[in-house]
Amino acid sequence: MKGNCARDSLDKGPNADMTCHDCRPLLMDYAHHELDDAQDALVHEHLQTCTECRAALQAEVDLTDSIRYAYSEELEMPQSIVAGVRQAVRGYSPSFSERVRTALRPAFLAPAAAIALILAGALRYGPMLLTPPSSQLSSSYFVRQHVAQTLGSPSSDRSWAAYVLTSENAKSSQPSGQ
Amino acid sequence: MPGARPPGPATPPSPEQIAFVENAMTKFGKQTYNYAYRLSGNEADARDLTQEAFIRVFRAWQSFRPGTSFLSWIYRIVTNLYRDELRRRKGVFTQPLPEDNQPHEQAPRHDPISAMHERQLSAGMERALRALTDEQRSVILLADVEEYSYQQIADVLGCSIGTVRSRLHRARAQLRKLLLREHAAQGPQV
């Protein structure tokens with residue numbers, strides 16, 4: 001496993017992408033067919049030329065075979081289990097939480113949610129939809145707006161009127177001796 | 001092991017519900033029982049685990065999604081029940097097998113010496129497997145006996161594929177160590 005197999009020492013060509021050091025941790029996944037295609041191909045290629053990694057793979061396979069052999073006994077399910085389940089089924093009554101869960105199943109919940117949404121929408125937007133939109137512009141609105149704006153603007157301040165040159169102002173501004 | 005709730009004056013289960021669990025017991029009862037037996041290591045616990053698992057299936061039959069693996073679903077239920085029970089019993093679950101509960105004998109081999117040797121190997125392996133943690137044993141069971149993919153194991157155990165991979169690596173490494181110890185303890189074989 002320390003990277004000293006024949007392939008490591010002899011084959012270092014451009015295709016020698018995988019070393020024993022890279023290969024060994026992948027052997028268990030390779031044996032379980034759990035590598036992606038690229039890694040699987042690399043391991044497969046490496047195994048063609050590396051006897052030590054092949055032996056390591058065989059050890060993985062042997063271990064799996066031994067486990068399977070140890071567990072190869074197939075017991076029949078005792079009929080007492082079937083009887084026990086049937087007895088429980090006969091005496092079954094759904095608990096409150098199970099009933100709630102049943103009520104919350106999508107088959108029940110989805111239509112209920114849809115109806116609730118429709119009702120909520122009708123309550124919120126119904127009056128607006130039922131009232132016909134006004135076809136006339138309210139002139140009083142614009143008058144009120146205009147008054148509000150002009151009252152607060154500099155144009156409503158008449159203090160500057162004394163300085164505007166008008167005929168009346170001109171008379172009053174002439175020298176009194178003339 | 002918790003049993004079924006006492007009978008109550010409620011609506012009886014639907015015929016579909018009963019048919020679902022009956023069908024499940026017929027088709028998958030044996031596999032479920034064997035999984036429970038391998039996980040727990042004795043028949044009494046395997047019986048309780050299997051019965052409770054099918055009762056859970058009966059109660060939650062509507063949460064089973066058609067098109068998915070029923071076996072994965074019930075293995076998950078058994079594994080969770082086993083974990084819960086292990087926690088309840090504070091880690092003491094696997095009891096040594098009594099003599100009358102030993103699995104049936106293997107089919108006799110033609111070569112008696114090799115048959116004896118295999119029995120010894122198998123007994124050593126069984127002891128080593130029992131010495132693993134429940135997590136390690138369940139991942140080995142699913143990967144090597146049930147031949148589940150890592151994704152299926154992740155679904156059953158409720159963990160990621162990366163966790164399955166690392167757990168399986170550790171479990172097999174531990175198993176090798178235990179087998180070496182078994183081998184050393186037994187001494188040279190005939």
# chains A, B, ... in the order shown; residues from 1 in each chain; ligands from 1
call {"tool": "interface_residues", "arguments": {"of": "chain A", "to": "chain B", "cutoff": "10 Å", "atoms": "only C-alpha atoms", "output": "MDAnalysis selection string"}}
result
chainID A and resid 25 28:29 32:34 60:61 63:95 98 101:102 105
call {"tool": "atom_distance", "arguments": {"atom1": "CA of Asp22 (chain A)", "atom2": "CA of His44 (chain A)"}}
result
12.5 Å
call {"tool": "atom_distance", "arguments": {"atom1": "CA of Arg170 (chain B)", "atom2": "CA of Gln136 (chain B)"}}
result
7.7 Å
call {"tool": "closest_residue", "arguments": {"among": "B:Cys159, B:Ala185, B:Arg137, B:Leu142", "to": "Ala171 (chain B)", "atoms": "only C-alpha atoms"}}
result
B:Arg137
